[in-house]
>>> print(open('upload-v1.cif').read())   # mmCIF, C-alpha atoms
data_final
loop_
_atom_site.label_atom_id
_atom_site.label_comp_id
_atom_site.auth_asym_id
_atom_site.auth_seq_id
_atom_site.Cartn_x
_atom_site.Cartn_y
_atom_site.Cartn_z
CA MET W 134 77.64 94.33 101.31
CA ASN W 135 78.07 90.66 102.25
CA ASP W 136 78.10 89.77 98.54
CA PRO W 137 81.70 90.71 97.69
CA ASP W 138 82.26 92.65 94.50
CA PRO W 139 84.97 95.03 95.69
CA LEU W 140 86.73 97.65 93.63
CA ASN W 141 90.00 96.42 92.13
CA LEU W 142 92.52 99.04 93.26
CA VAL W 143 95.48 96.82 92.36
CA GLU W 144 94.64 97.49 88.70
CA ARG W 145 94.92 101.21 89.42
CA TYR W 146 97.83 101.42 91.82
CA GLY W 147 99.80 98.21 91.54
CA GLU W 148 100.79 95.77 94.27
CA GLY W 149 101.54 98.31 97.00
CA TRP W 150 99.34 101.20 98.16
CA CYS W 151 97.47 102.69 101.10
CA VAL W 152 94.02 104.29 101.01
CA THR W 153 92.94 106.35 104.02
CA LEU W 154 89.47 107.76 104.67
CA ALA W 155 89.17 110.45 107.32
CA HIS W 156 86.07 112.25 108.52
CA ARG W 157 87.60 115.71 108.48
CA PRO W 158 88.33 118.47 105.92
CA LEU W 159 90.92 117.75 103.26
CA ALA W 160 93.53 120.33 104.34
CA GLU W 161 93.32 119.16 107.95
CA ALA W 162 93.58 115.51 106.93
CA LEU W 163 96.71 116.12 104.87
CA ASP W 164 98.22 118.18 107.68
CA ALA W 165 97.59 115.36 110.17
CA MET W 166 99.27 112.97 107.73
CA GLY W 167 102.42 115.08 107.52
CA VAL W 168 101.69 117.47 104.65
CA PRO W 169 101.25 120.97 106.15
CA ALA W 170 99.26 123.64 104.30
CA GLU W 171 102.31 125.29 102.76
CA ARG W 172 103.29 122.00 101.07
CA GLN W 173 99.83 121.22 99.71
CA THR W 174 99.33 121.75 95.97
CA GLU W 175 97.07 120.52 93.18
CA VAL W 176 98.41 117.28 91.69
CA ASP W 177 97.52 114.75 89.03
CA ALA W 178 95.27 111.85 89.97
CA PRO W 179 97.38 109.18 91.67
CA ASN W 180 98.41 106.08 89.78
CA GLY W 181 100.92 103.31 90.20
CA GLU W 182 103.62 105.21 88.31
CA GLY W 183 103.87 108.49 90.24
CA THR W 184 102.90 111.90 88.79
CA ASP W 185 104.42 114.66 86.71
CA VAL W 186 105.16 116.73 89.83
CA ASP W 187 108.85 116.95 90.73
CA PRO W 188 109.40 115.61 93.34
CA PRO W 189 106.35 113.33 93.01
CA PRO W 190 103.87 113.69 95.87
CA LEU W 191 103.53 110.64 98.04
CA LEU W 192 100.04 111.60 99.25
CA ALA W 193 97.12 112.72 97.08
CA ALA W 194 93.73 113.64 98.54
CA ARG W 195 90.26 114.66 97.43
CA SER W 196 87.06 115.56 99.25
CA LEU W 197 84.16 113.11 99.34
CA PRO W 198 80.54 113.76 100.31
CA ASP W 199 79.43 113.84 103.95
CA GLY W 200 82.63 115.39 105.24
CA TRP W 201 85.01 112.56 104.32
CA THR W 202 88.45 112.95 102.76
CA LEU W 203 90.09 110.25 100.65
CA VAL W 204 93.90 110.03 100.73
CA VAL W 205 95.87 107.74 98.39
CA GLU W 206 99.51 106.72 98.78
CA THR W 207 101.21 104.74 96.02
CA SER W 208 104.80 104.90 97.27
CA GLY W 209 105.71 103.34 100.59
CA MET W 210 109.45 103.99 100.41
CA THR W 211 109.33 105.74 103.79
CA GLY W 212 106.45 103.64 105.10
CA TRP W 213 102.72 104.18 104.70
CA SER W 214 101.52 107.29 106.53
CA GLY W 215 98.02 105.88 106.85
CA GLU W 216 99.32 102.80 108.67
CA ARG W 217 100.94 104.78 111.49
CA ASP W 218 99.16 104.82 114.84
CA ASP W 219 100.19 108.43 115.54
CA VAL W 220 98.78 109.57 112.20
CA LEU W 221 95.45 107.80 112.73
CA GLU W 222 95.28 109.20 116.25
CA ALA W 223 95.87 112.72 114.92
CA LEU W 224 93.25 112.23 112.20
CA THR W 225 90.60 111.22 114.74
CA GLU W 226 91.19 113.54 117.67
CA GLU W 227 88.15 115.41 119.02
CA GLY W 228 85.61 112.84 117.88
CA GLY W 229 86.89 112.01 114.40
CA ARG W 230 86.91 108.69 112.54
CA ALA W 231 89.40 107.22 110.09
CA LEU W 232 89.88 104.01 108.15
CA ALA W 233 93.03 102.85 106.37
CA VAL W 234 93.51 99.86 104.08
CA VAL W 235 97.08 98.89 103.23
CA VAL W 236 97.89 96.46 100.43
CA ASP W 237 101.52 95.50 100.55
CA PRO W 238 103.57 92.50 99.41
CA SER W 239 104.30 91.71 103.07
CA VAL W 240 100.77 91.87 104.53
CA ASP W 241 97.40 93.47 103.79
CA VAL W 242 95.78 95.17 106.77
CA VAL W 243 92.70 97.25 107.63
CA LEU W 244 92.94 99.79 110.46
CA TYR W 245 90.14 101.78 112.07
CA ALA W 246 90.48 104.65 114.54
CA GLU W 247 88.11 106.94 116.40
CA ASP W 248 88.37 109.57 119.11
CA GLY W 249 92.15 109.64 118.93
CA GLU W 250 92.66 105.88 119.29
CA VAL W 251 93.31 103.01 116.89
CA VAL W 252 90.60 100.55 117.94
CA LEU W 253 90.89 97.88 115.24
CA ARG W 254 93.61 96.06 113.32
CA PHE W 255 92.25 93.46 110.90
CA VAL W 256 94.28 91.18 108.61
CA PRO W 257 91.64 89.83 106.18
CA SER W 258 93.66 86.97 104.66
CA LEU W 259 94.40 85.53 108.12
CA ALA W 260 91.15 86.63 109.78
CA GLU W 261 93.21 88.23 112.54
CA LEU W 262 91.22 90.80 114.51
CA GLU W 263 92.77 92.87 117.29
CA GLY W 264 92.07 96.04 119.24
CA SER W 265 89.69 97.45 121.81
CA GLY W 266 86.92 97.68 119.19
CA ALA W 267 87.40 94.18 117.76
CA GLU W 268 84.25 92.66 119.25
CA ARG W 269 82.13 95.47 117.85
CA PHE W 270 83.05 94.43 114.30
CA ARG W 271 83.34 90.68 114.75
CA ASP W 272 79.70 89.84 114.06
CA ARG W 273 79.49 91.63 110.69
CA LEU W 274 82.82 90.15 109.59
CA GLU W 275 81.76 86.64 110.59
CA LYS W 276 78.46 87.02 108.72
CA ALA W 277 80.44 88.03 105.62
CA GLY W 278 82.52 84.86 105.83
CA PHE W 279 85.66 86.22 107.43
CA PHE W 280 87.15 83.92 110.04
CA LEU W 281 88.86 80.81 109.05
CA ASP W 282 87.19 77.43 108.70
CA GLU W 283 88.49 74.53 110.75
CA ASP W 284 90.98 73.66 108.01
CA GLY W 285 92.47 77.17 108.19
CA SER W 286 90.98 78.52 104.96
CA LEU W 287 88.54 81.27 104.05
CA PRO W 288 85.23 80.28 102.37
CA PRO W 289 85.44 80.04 98.56
CA GLU W 290 83.66 83.34 97.85
CA LEU W 291 86.41 85.16 99.76
CA ASP W 292 89.33 82.83 99.11
CA ASP W 293 88.91 83.38 95.36
CA LEU W 294 89.33 87.16 95.69
CA PRO W 295 92.85 88.46 94.91
CA GLY W 296 94.55 89.92 97.96
CA GLY W 297 93.92 93.57 97.15
CA ARG W 298 90.20 93.05 96.59
CA LEU W 299 89.94 90.94 99.75
CA ALA W 300 91.43 93.80 101.76
CA VAL W 301 89.07 96.32 100.12
CA HIS W 302 86.09 94.12 100.98
CA GLY W 303 87.23 93.88 104.59
CA ALA W 304 87.65 97.64 104.73
CA GLU W 305 84.15 98.18 103.32
CA LEU W 306 82.66 95.98 106.02
CA VAL W 307 84.46 97.90 108.73
CA TRP W 308 83.56 101.29 107.22
CA GLY W 309 79.98 100.28 106.48
CA ARG W 310 80.12 101.78 102.98
CA ARG W 311 81.32 100.79 99.54
CA LEU W 312 84.51 102.06 97.94
CA THR W 313 83.30 103.03 94.47
CA ALA W 314 85.05 104.00 91.24
CA ASP W 315 83.61 107.53 91.29
CA MET W 316 85.50 108.21 94.53
CA PHE W 317 88.73 107.80 92.57
CA ASP W 318 87.57 109.07 89.13
CA GLY W 319 85.98 112.25 87.87
CA ALA W 320 86.92 115.89 87.53
CA ALA W 321 87.34 116.90 91.16
CA PRO W 322 90.93 118.04 91.75
CA TRP W 323 93.45 116.12 93.80
CA ILE W 324 95.49 118.01 96.38
CA GLY W 325 98.70 116.48 97.65
CA GLY W 326 102.29 116.75 98.67
CA GLU W 327 105.28 114.93 100.06
CA PRO W 328 104.93 114.33 103.80
CA ILE W 329 107.48 115.55 106.26
CA THR W 330 108.97 112.58 108.06
CA ASP W 331 111.47 112.15 110.85
CA THR W 332 113.28 109.45 108.87
CA VAL W 333 117.02 110.09 108.59
CA PRO W 334 118.14 109.79 104.93
CA PRO W 335 120.56 106.90 104.28
CA ALA W 336 123.31 109.34 103.18
CA GLU W 337 123.22 111.10 106.55
CA LEU W 338 123.36 107.77 108.35
CA ALA W 339 126.48 106.86 106.39
CA GLU W 340 128.12 110.19 107.28
CA ASN W 341 127.51 109.54 110.99
CA ASP W 342 129.05 106.06 110.96
#
>>> encode(input="upload-v1.cif", output="structure tokens")
Amino acid sequence: MNDPDPLNLVERYGEGWCVTLAHRPLAEALDAMGVPAERQTEVDAPNGEGTDVDPPPLLAARSLPDGWTLVVETSGMTGWSGERDDVLEALTEEGGRALAVVVDPSVDVVLYAEDGEVVLRFVPSLAELEGSGAERFRDRLEKAGFFLDEDGSLPPELDDLPGGRLAVHGAELVWGRRLTADMFDGAAPWIGGEPITDTVPPAELAEND
């Protein structure tokens, strides 16, 4: 795991995406992320260009072995659901665990939550590590080369990784498992939908001015 050869999700999904892994059943994970059961439907595999569903789903999920659910977002026009503290808290209530990796033109970040609390926020490119669980993960991240040298740079084996792959590698170290192509490929169906948000549409804001 310390020898980085992370999956290139930028090739699949473009420059902006969020991948969330939650240790709970798929329907429950989508519900916690804002897609209730009545809005969940089978969708095409996610890609960087949306799907044929109208309107296109913003979240697409599939079940993984060992009780994990993978959720992919490729449109952040209302923000990334997997980056929200309240979503990660809901995903991990009653002893659950969840990991989210966000690759975005503004900043790439890895988030980890358990037992209803976000305990880690890690920015791989800056080696910023925050949260009540930060010290638990610091040793494995340091051994992998994360944490800046005295001149403010990552070691060459990490510095040469494009941003998306650097974030994936950081997420793998936190999760303790690899993200592999078969998690995103294959015949297993994807279930998804457009999340319900409390964001007021711009048109309504204009009417209220």
>>> resolve_selection(input="upload-v1.cif", expression="the PyMOL selection byres ((chain W and resi 308-312) around 9)", output="JSON, numbers by chain")
{"W": [134, 139, 140, 231, 232, 245, 301, 302, 303, 304, 305, 306, 307, 313, 314, 315, 316, 317]}
>>> resolve_selection(input="upload-v1.cif", expression="the PyMOL selection byres ((chain W and resi 157) around 6)", output="list in words")
Ala155, His156, Pro158, Gly200 and Trp201 of chain W
>>> closest_residue(input="upload-v1.cif", among="W:Asp241, W:Asp318, W:Glu206, W:Glu144", to="Arg254 of chain W", atoms="all atoms listed in the file")
W:Asp241
>>> atom_distance(input="upload-v1.cif", atom1="atom CA of Thr225 of chain W", atom2="atom CA of Gly249 of chain W")
4.7 Å
>>> resolve_selection(input="upload-v1.cif", expression="the PyMOL selection byres ((chain W and resi 250-253) around 6)", output="list of chain:residue names")
W:Glu222, W:Leu244, W:Tyr245, W:Ala246, W:Glu247, W:Asp248, W:Gly249, W:Arg254, W:Glu263, W:Gly264, W:Ser265, W:Gly266, W:Ala267
>>> atom_distance(input="upload-v1.cif", atom1="atom CA of Glu148 of chain W", atom2="atom CA of Leu191 of chain W")
15.6 Å
>>> atom_distance(input="upload-v1.cif", atom1="atom CA of Ala277 of chain W", atom2="atom CA of Leu291 of chain W")
8.8 Å
>>> residues_near_point(input="upload-v1.cif", point="(94.7, 90.5, 90.9)", cutoff="8 Å", atoms="all atoms listed in the file", output="list in words")
Asn141, Val143, Glu144, Leu294, Pro295, Gly296, Gly297 and Arg298 of chain W
>>> closest_residue(input="upload-v1.cif", among="W:Gly149, W:Pro288, W:Val204, W:Glu161", to="Lys276 of chain W", atoms="all atoms listed in the file")
W:Pro288
>>> residues_around(input="upload-v1.cif", residues="segment 326-331 of chain W", least_positions_apart="4", cutoff="10 Å", atoms="all atoms listed in the file", output="count of residues only")
25
